[in-house]
Every structure is written in C-alpha cells, then in structure tokens.
>>> print(open('query_18.csv').read())   # CSV, C-alpha atoms
chain,number,residue,atom,x,y,z
A,1,MET,CA,49.1,18.4,34.5
A,2,LEU,CA,51.2,18.4,37.6
A,3,LEU,CA,50.6,20.7,40.6
A,4,ALA,CA,53.2,21.9,43.2
A,5,TRP,CA,52.0,19.8,46.1
A,6,PRO,CA,53.6,20.2,49.5
A,7,VAL,CA,56.4,17.8,50.6
A,8,PHE,CA,55.7,15.2,53.3
A,9,ALA,CA,58.3,13.2,55.2
A,10,ALA,CA,58.4,10.3,57.6
A,11,ALA,CA,61.0,8.5,59.6
A,12,ASN,CA,60.0,4.9,59.0
A,13,PRO,CA,62.9,2.5,58.5
A,14,LYS,CA,63.6,1.5,54.9
A,15,PRO,CA,62.7,-2.0,53.8
A,16,GLU,CA,65.5,-4.3,53.1
A,17,ARG,CA,66.6,-4.8,49.4
A,18,HIS,CA,66.6,-8.5,48.2
A,19,GLY,CA,67.7,-8.0,44.6
A,20,GLU,CA,71.1,-7.3,43.2
A,21,ILE,CA,72.8,-4.3,41.5
A,22,LYS,CA,74.7,-5.2,38.3
A,23,LYS,CA,77.2,-2.5,37.8
A,24,GLY,CA,78.8,-1.1,34.7
A,25,ILE,CA,76.4,-2.5,32.1
A,26,GLN,CA,77.4,-1.0,28.7
A,27,ALA,CA,74.9,-0.6,25.9
A,28,GLU,CA,74.5,1.4,22.7
A,29,ALA,CA,71.5,2.4,20.7
A,30,ALA,CA,70.4,4.8,17.9
A,31,CYS,CA,67.3,6.5,16.6
A,32,ALA,CA,66.8,8.0,13.1
A,33,ILE,CA,65.0,11.3,12.9
A,34,VAL,CA,61.7,10.3,11.3
A,35,GLY,CA,58.4,12.0,12.2
A,36,MET,CA,59.7,13.4,15.4
A,37,SER,CA,61.9,16.3,16.7
A,38,ALA,CA,65.6,16.0,17.2
A,39,GLU,CA,65.0,16.1,21.0
A,40,GLN,CA,62.5,13.2,20.8
A,41,SER,CA,64.9,11.2,18.6
A,42,GLN,CA,67.6,11.7,21.3
A,43,LEU,CA,65.3,10.6,24.1
A,44,THR,CA,64.1,7.5,22.1
A,45,ALA,CA,67.8,6.6,21.4
A,46,LEU,CA,68.4,6.9,25.2
A,47,GLN,CA,65.4,4.9,26.0
A,48,ARG,CA,66.5,2.1,23.6
A,49,ALA,CA,70.0,2.1,25.2
A,50,ARG,CA,68.4,1.7,28.7
A,51,VAL,CA,66.3,-1.1,27.3
A,52,ALA,CA,69.4,-2.8,26.0
A,53,ALA,CA,71.2,-2.4,29.4
A,54,ILE,CA,68.2,-3.8,31.2
A,55,GLU,CA,68.0,-6.7,28.8
A,56,GLN,CA,71.6,-7.6,29.4
A,57,ALA,CA,71.3,-7.4,33.2
A,58,ALA,CA,67.9,-9.2,33.4
A,59,GLY,CA,68.5,-11.8,30.6
A,60,VAL,CA,65.4,-10.8,28.7
A,61,SER,CA,64.8,-9.6,25.1
A,62,VAL,CA,62.2,-7.1,24.1
A,63,THR,CA,63.0,-5.3,20.9
A,64,ALA,CA,65.9,-4.6,18.6
A,65,VAL,CA,64.4,-2.2,16.0
A,66,THR,CA,66.5,0.5,14.5
A,67,LEU,CA,64.0,2.8,12.8
A,68,VAL,CA,61.3,4.2,15.2
A,69,THR,CA,58.4,5.9,13.4
A,70,ASN,CA,55.5,4.8,15.7
A,71,PHE,CA,55.2,6.5,19.1
A,72,THR,CA,53.4,3.4,20.4
A,73,LEU,CA,56.6,1.5,19.8
A,74,ALA,CA,58.5,4.3,21.6
A,75,ALA,CA,56.2,3.9,24.5
A,76,ASP,CA,56.7,0.2,24.5
A,77,PHE,CA,60.3,0.7,25.4
A,78,ILE,CA,59.1,2.1,28.7
A,79,LYS,CA,57.5,-1.2,29.5
A,80,THR,CA,60.9,-2.8,29.9
A,81,TYR,CA,61.8,-0.5,32.8
A,82,SER,CA,60.0,-2.8,35.2
A,83,ARG,CA,62.3,-5.8,34.3
A,84,GLY,CA,65.1,-4.0,36.0
A,85,PHE,CA,65.8,-0.5,37.3
A,86,ILE,CA,68.6,1.7,36.1
A,87,VAL,CA,69.7,3.3,39.3
A,88,ALA,CA,72.7,5.2,37.9
A,89,GLU,CA,73.8,5.9,34.4
A,90,LYS,CA,76.6,7.7,32.5
A,91,VAL,CA,75.5,8.9,29.1
A,92,THR,CA,77.9,9.5,26.2
A,93,TRP,CA,76.6,10.9,22.8
A,94,LEU,CA,78.4,9.5,19.8
A,95,PRO,CA,79.0,11.3,16.5
A,96,LEU,CA,75.8,11.7,14.5
A,97,GLY,CA,75.3,8.8,12.1
A,98,GLN,CA,72.9,8.0,9.4
A,99,TYR,CA,70.3,5.3,8.7
A,100,GLN,CA,69.7,4.1,5.1
A,101,LYS,CA,67.2,1.3,4.3
A,102,ASP,CA,68.8,0.7,0.9
A,103,SER,CA,70.6,2.5,-1.9
A,104,SER,CA,67.3,3.7,-3.4
A,105,THR,CA,66.4,5.8,-0.4
A,106,ALA,CA,68.1,8.9,1.0
A,107,PRO,CA,70.0,8.5,4.3
A,108,ILE,CA,68.4,9.8,7.4
A,109,PRO,CA,70.3,11.5,10.3
A,110,GLU,CA,70.6,9.2,13.3
A,111,TYR,CA,71.4,9.9,16.9
A,112,ARG,CA,73.7,7.4,18.6
A,113,VAL,CA,74.3,7.0,22.3
A,114,LYS,CA,76.2,4.9,24.7
A,115,ILE,CA,75.4,4.4,28.3
A,116,VAL,CA,77.2,2.7,31.2
A,117,ALA,CA,74.5,1.8,33.8
A,118,ASP,CA,74.0,0.2,37.1
A,119,VAL,CA,70.9,-2.0,36.9
A,120,TYR,CA,69.0,-3.2,40.0
A,121,ILE,CA,67.3,-6.6,39.4
A,122,PRO,CA,64.5,-6.9,41.9
A,123,LYS,CA,63.8,-10.1,43.8
A,124,ARG,CA,60.1,-9.9,44.7
A,125,LYS,CA,59.3,-10.7,48.4
A,126,THR,CA,55.7,-9.6,48.3
A,127,LYS,CA,52.7,-11.9,48.4
A,128,ILE,CA,50.6,-11.9,45.2
A,129,LEU,CA,48.2,-9.0,45.4
A,130,GLY,CA,46.6,-9.4,42.0
A,131,LEU,CA,47.3,-5.9,40.8
A,132,THR,CA,45.5,-4.8,37.6
A,133,ALA,CA,45.5,-1.3,36.1
A,134,ASN,CA,44.3,0.4,33.0
A,135,LEU,CA,43.9,3.8,31.4
A,136,ASN,CA,40.7,5.1,29.8
A,137,ASN,CA,42.7,5.4,26.5
A,138,VAL,CA,46.1,4.7,24.9
A,139,VAL,CA,46.1,7.7,22.6
A,140,PHE,CA,45.1,11.1,23.9
A,141,ARG,CA,44.7,14.4,22.1
A,142,SER,CA,46.1,17.5,23.9
A,143,GLY,CA,43.4,18.7,26.3
A,144,GLU,CA,41.8,15.3,26.8
A,145,LYS,CA,41.5,14.0,30.4
A,146,ALA,CA,43.0,10.7,31.5
A,147,LYS,CA,41.6,8.4,34.1
A,148,VAL,CA,43.5,5.5,35.7
A,149,THR,CA,41.6,2.5,37.2
A,150,VAL,CA,43.4,0.3,39.7
A,151,LYS,CA,42.3,-2.9,41.4
A,152,THR,CA,43.9,-5.5,43.7
A,153,LYS,CA,42.6,-8.9,44.8
A,154,SER,CA,44.0,-8.4,48.3
A,155,ALA,CA,43.9,-5.3,50.4
A,156,ALA,CA,46.9,-3.1,49.6
A,157,ARG,CA,48.3,0.4,49.5
A,158,ILE,CA,49.0,2.0,46.1
A,159,ALA,CA,50.9,4.8,44.4
A,160,LEU,CA,50.7,6.2,40.9
A,161,PHE,CA,53.6,7.9,39.0
A,162,ASN,CA,53.8,9.7,35.7
A,163,ILE,CA,56.8,8.9,33.4
A,164,MET,CA,56.9,12.0,31.3
A,165,ALA,CA,58.2,12.9,27.9
A,166,ASP,CA,60.9,15.2,29.3
A,167,ASP,CA,62.6,12.1,30.9
A,168,THR,CA,61.4,12.8,34.4
A,169,VAL,CA,59.0,11.1,36.8
A,170,ALA,CA,56.6,12.5,39.3
A,171,LEU,CA,54.3,11.1,42.0
A,172,LEU,CA,50.6,11.7,41.1
A,173,PHE,CA,49.0,9.8,44.0
A,174,PRO,CA,48.9,10.0,47.0
A,175,ASN,CA,49.0,13.8,47.1
A,176,ALA,CA,48.0,16.8,49.3
A,177,TYR,CA,44.3,16.5,48.2
A,178,ALA,CA,44.0,12.7,48.2
A,179,LYS,CA,46.2,11.3,50.9
A,180,GLU,CA,44.5,8.0,51.7
A,181,ASN,CA,46.0,5.3,49.5
A,182,LYS,CA,44.6,2.2,51.0
A,183,LEU,CA,42.7,0.0,48.6
A,184,ALA,CA,40.2,-2.7,49.8
A,185,ALA,CA,40.3,-6.1,48.1
A,186,GLY,CA,38.3,-6.1,44.9
A,187,GLU,CA,37.7,-2.3,45.0
A,188,ASN,CA,37.9,-0.3,41.8
A,189,PHE,CA,40.0,2.8,42.5
A,190,VAL,CA,39.8,5.6,39.9
A,191,PHE,CA,42.2,8.5,39.7
A,192,PRO,CA,41.4,11.3,39.6
A,193,ALA,CA,38.1,10.7,41.4
A,194,ARG,CA,35.0,12.4,40.0
A,195,ASP,CA,35.0,15.1,42.7
A,196,ALA,CA,38.8,15.4,42.8
A,197,LYS,CA,40.5,18.9,42.9
A,198,VAL,CA,43.0,17.8,40.3
A,199,GLU,CA,42.7,16.5,36.7
A,200,LEU,CA,45.1,14.6,34.5
A,201,GLU,CA,44.9,16.8,31.4
A,202,MET,CA,47.1,15.4,28.7
A,203,GLN,CA,49.5,17.8,26.8
A,204,THR,CA,52.4,17.4,24.5
A,205,LEU,CA,55.6,19.2,25.3
A,206,ALA,CA,55.9,22.6,23.6
A,207,GLY,CA,56.7,22.2,19.9
A,208,HIS,CA,56.0,18.5,19.9
A,209,LYS,CA,53.4,16.8,17.6
A,210,LYS,CA,53.4,13.6,19.6
A,211,ASP,CA,54.9,12.3,22.9
A,212,ALA,CA,55.2,8.9,24.5
A,213,GLU,CA,54.6,8.7,28.2
A,214,ALA,CA,53.4,6.2,30.8
A,215,ILE,CA,51.6,5.8,34.1
A,216,PHE,CA,53.5,3.6,36.6
A,217,VAL,CA,51.4,1.9,39.3
A,218,ILE,CA,52.8,0.1,42.3
A,219,ALA,CA,50.9,-1.8,45.1
A,220,TRP,CA,52.1,-3.3,48.4
A,221,ASP,CA,50.7,-5.2,51.3
A,222,GLU,CA,49.8,-2.8,54.1
A,223,ALA,CA,51.7,-5.0,56.5
A,224,ARG,CA,54.9,-3.8,54.8
A,225,LYS,CA,54.5,-0.4,56.5
A,226,ILE,CA,55.8,1.5,53.4
A,227,ASN,CA,55.2,5.3,53.5
A,228,ILE,CA,55.6,6.3,49.9
A,229,LEU,CA,55.9,10.0,50.9
A,230,GLN,CA,59.2,9.1,52.6
A,231,TYR,CA,60.7,8.5,49.2
A,232,PHE,CA,58.8,10.9,46.9
A,233,ALA,CA,57.1,14.3,47.1
A,234,PRO,CA,53.9,14.7,45.3
A,235,GLY,CA,54.3,16.6,42.0
A,236,GLU,CA,58.1,16.7,42.2
A,237,ALA,CA,59.6,15.9,38.8
A,238,ILE,CA,62.9,14.0,39.3
A,239,PRO,CA,65.3,12.5,36.7
A,240,MET,CA,64.6,8.9,35.6
A,241,SER,CA,67.6,7.3,37.2
A,242,GLU,CA,67.0,9.1,40.5
A,243,PHE,CA,63.4,7.9,40.5
A,244,PHE,CA,64.4,4.3,40.0
A,245,ALA,CA,67.2,4.6,42.6
A,246,ARG,CA,64.7,5.6,45.2
A,247,LEU,CA,62.1,3.1,44.0
A,248,SER,CA,64.7,0.2,44.2
A,249,GLU,CA,64.6,0.7,48.0
A,250,ILE,CA,61.0,-0.6,48.1
A,251,ILE,CA,60.2,-2.3,44.8
A,252,ASP,CA,61.0,-5.8,46.1
A,253,GLN,CA,58.0,-5.4,48.4
A,254,CYS,CA,55.7,-4.3,45.6
A,255,GLU,CA,53.8,-5.3,42.5
A,256,ASP,CA,53.9,-2.9,39.6
A,257,ARG,CA,52.3,-2.2,36.2
A,258,ILE,CA,53.3,0.2,33.5
A,259,LEU,CA,50.7,1.8,31.3
A,260,PRO,CA,52.2,3.5,28.2
A,261,TYR,CA,50.3,6.0,26.1
A,262,GLU,CA,50.7,8.6,23.4
A,263,VAL,CA,49.7,12.3,23.5
A,264,VAL,CA,48.9,13.9,20.1
A,265,ALA,CA,48.8,17.6,19.5
A,266,GLN,CA,45.5,19.1,18.3
>>> encode(input="query_18.csv", output="structure tokens")
Amino acid sequence: MLLAWPVFAAANPKPERHGEIKKGIQAEAACAIVGMSAEQSQLTALQRARVAAIEQAAGVSVTAVTLVTNFTLAADFIKTYSRGFIVAEKVTWLPLGQYQKDSSTAPIPEYRVKIVADVYIPKRKTKILGLTANLNNVVFRSGEKAKVTVKTKSAARIALFNIMADDTVALLFPNAYAKENKLAAGENFVFPARDAKVELEMQTLAGHKKDAEAIFVIAWDEARKINILQYFAPGEAIPMSEFFARLSEIIDQCEDRILPYEVVAQ
C-alpha cells in the first residue's frame, strides 16, 4: 500500500560517482506463459533480459533458465539488480515464439524481448556498515501485513524502497509521517513501527494470482550528508530505469540489500 506523501526537496550537492557506465549492452530473454498472465510473462522476460545485461556488464552469472513457473525464481531475478544498475534501456519486443520441452508435450507461447541497456557498475566508497535486513515473511497472502527489520553495526542513515510488480519503484521510508532515518549502531529498526500511521498491506495487482516484488534497503554513513529526499519523493512510483538512474548518483556511498517476496491472491 502506497500513500500520496508530499514532496520534499533539498539543495545539497550530489556525491561524486566512482563507478562506470557501460553503454549499449545488448541482451535477449524469453518467458513461456505458464501459471501466470501474459502481462506477468512479459515482465518476467524483461527482468531476465535485464539480468543478462547486468551479467554481461558486471561479469557475473546468476541464472539461465528458460521456463519460469515459480514466482520465487522470478523474484530472484530482482536480486541481480544490485550487481549493476540499468540506468537507461531501449526495449524491443520480438515476434511471439514457443517453448517445447520435447515432442511429447504441446508447445507453449513464449514472449521474447531484446534490450539495449546502459549499465552502471558501482565502485563502493563507503566504509563497511554491516547492513542486515529481513522481512517477516517471503510469501504473503493478499491482505497480510509486511514488516521490514533493518540493522547496521555502525551508525547510519537508511532508506527503504518497494520494487513493485508493475515494474515501478517507490520510496517507502523516510516519509511524511516518519522523517527521521538515522539508525544507531546495533539498533533494530522496524518498518512500519507499531504506532505508525501507515501499513504495508500486501496486494496482488488486479487480476493476478501471484506477483513477485521486493524491498530494496540502502544505508550510508551519516558523514556522507546524503539527503535521500533530494532524489526521491515518498510514495512516488517511478519507472525502474529512472529509479536506478537516480540511485546511481549515490549508490557508491551506500550498502544495499534486496529482499524479494511473493504475494498470493486469497
């Protein structure tokens, strides 16, 4: 659940980037329509293409599956986003294909996509803060409430984002009701707090039986003087590439964790 929180702004200078942008990375991916809607299959194919582009740019390998039937696996694609950040992308949908395990099984329609992406590879300049984060569950039924617990070994400031099933991202914390984002060393921070005016009520998108999403947590040393509200407005849902383009301005100064989860309709 996202609220229309007011926009804040600040005039602090932007931190200096230390990583590099690898431009024009080409990648293709596909997803067969099994146990999900056409829209979800399209998004999963796009997520896989992003993963492939990040793998190329960052020199890592995460997964190369063709058939996606498990939403936990779909959520796992999101984990790769912290290896590199797609700050710009051009998406081209290819003609509909088909997936067939062998001649004894019927072919399945398959969405195929190609992207050309600019990928920012961060070069961390922050001291180790010892960031840990977890959710109270990894599979939620619609209507259930989520809680995020964050802890750092050193004093830090933190921010929480929601990577949503409609391929947008929004800042959850800090917000208009909870503005203080300083975390003391060793302190357990829980969002939303017990007396908070907002709740994280999990819901699938309309018409979806399941969705794969994630909470994205970042932390930075207070000495960095980063004002997260200079880059993001609470509750504002922005496209994925725009989110990472903004985040790339500060991510070299931060530690991050991605917490993927599933939402299942009642």
>>> atom_distance(input="query_18.csv", atom1="CA of Thr44 (chain A)", atom2="CA of Glu236 (chain A)")
22.9 Å
>>> residues_around(input="query_18.csv", residues="Phe216 (chain A)", least_positions_apart="5", cutoff="12 Å", atoms="only C-alpha atoms", output="ChimeraX atom specification")
/A:78-82,132-135,148-150,158-164,169-173,243-244,247,255-261
>>> atom_distance(input="query_18.csv", atom1="CA of Pro192 (chain A)", atom2="CA of Leu129 (chain A)")
22.2 Å
>>> atom_distance(input="query_18.csv", atom1="CA of Gln56 (chain A)", atom2="CA of Ala117 (chain A)")
10.8 Å
>>> closest_residue(input="query_18.csv", among="A:Lys147, A:Lys123, A:Lys153, A:Lys22", to="Asp252 (chain A)", atoms="all atoms listed in the file")
A:Lys123
>>> residues_around(input="query_18.csv", residues="Gln266 (chain A)", least_positions_apart="2", cutoff="12 Å", atoms="all atoms listed in the file", output="PyMOL selection string")
chain A and resi 140-144+202-204+207-210+263-264
>>> residues_around(input="query_18.csv", residues="Ile128 (chain A)", least_positions_apart="6", cutoff="12 Å", atoms="all atoms listed in the file", output="MDAnalysis selection string")
chainID A and resid 152:156 219:221 253:256
>>> residues_around(input="query_18.csv", residues="Val113 (chain A)", least_positions_apart="2", cutoff="10 Å", atoms="all atoms listed in the file", output="number ranges by chain")
A: 27-31, 42-43, 45-49, 91-96, 110-111, 115
>>> axis_aligned_box(input="query_18.csv", around="region 167-178 of chain A", padding_each_side="3 Å", output="AutoDock Vina command-line options")
--center_x 53.3 --center_y 13.3 --center_z 40.1 --size_x 24.6 --size_y 13.0 --size_z 24.4
>>> closest_residue(input="query_18.csv", among="A:Gln100, A:Gly24, A:Glu180, A:Glu262", to="Asn137 (chain A)", atoms="all atoms listed in the file")
A:Glu262
>>> residues_around(input="query_18.csv", residues="Ala88 (chain A)", least_positions_apart="4", cutoff="8 Å", atoms="all atoms listed in the file", output="PDB file with C-alpha atoms, in the coordinates of the input")
ATOM      1  CA  ALA A 117      74.500   1.800  33.800  1.00  0.00           C
ATOM      2  CA  ASP A 118      74.000   0.200  37.100  1.00  0.00           C
ATOM      3  CA  VAL A 119      70.900  -2.000  36.900  1.00  0.00           C
ATOM      4  CA  SER A 241      67.600   7.300  37.200  1.00  0.00           C
ATOM      5  CA  GLU A 242      67.000   9.100  40.500  1.00  0.00           C
ATOM      6  CA  ALA A 245      67.200   4.600  42.600  1.00  0.00           C
TER       7      ALA A 245
END
>>> closest_residue(input="query_18.csv", among="A:Met240, A:Ala146, A:Ala184, A:Ala165", to="Leu200 (chain A)", atoms="all atoms listed in the file")
A:Ala146
>>> closest_residue(input="query_18.csv", among="A:Ile228, A:Ala193, A:Ala38, A:Ala53", to="Tyr120 (chain A)", atoms="only C-alpha atoms")
A:Ala53
>>> closest_residue(input="query_18.csv", among="A:Glu222, A:Glu39, A:Glu249, A:Glu55", to="Gly84 (chain A)", atoms="all atoms listed in the file")
A:Glu55
>>> closest_residue(input="query_18.csv", among="A:Glu187, A:Asp167, A:Glu20, A:Asp211", to="Ile238 (chain A)", atoms="all atoms listed in the file")
A:Asp167
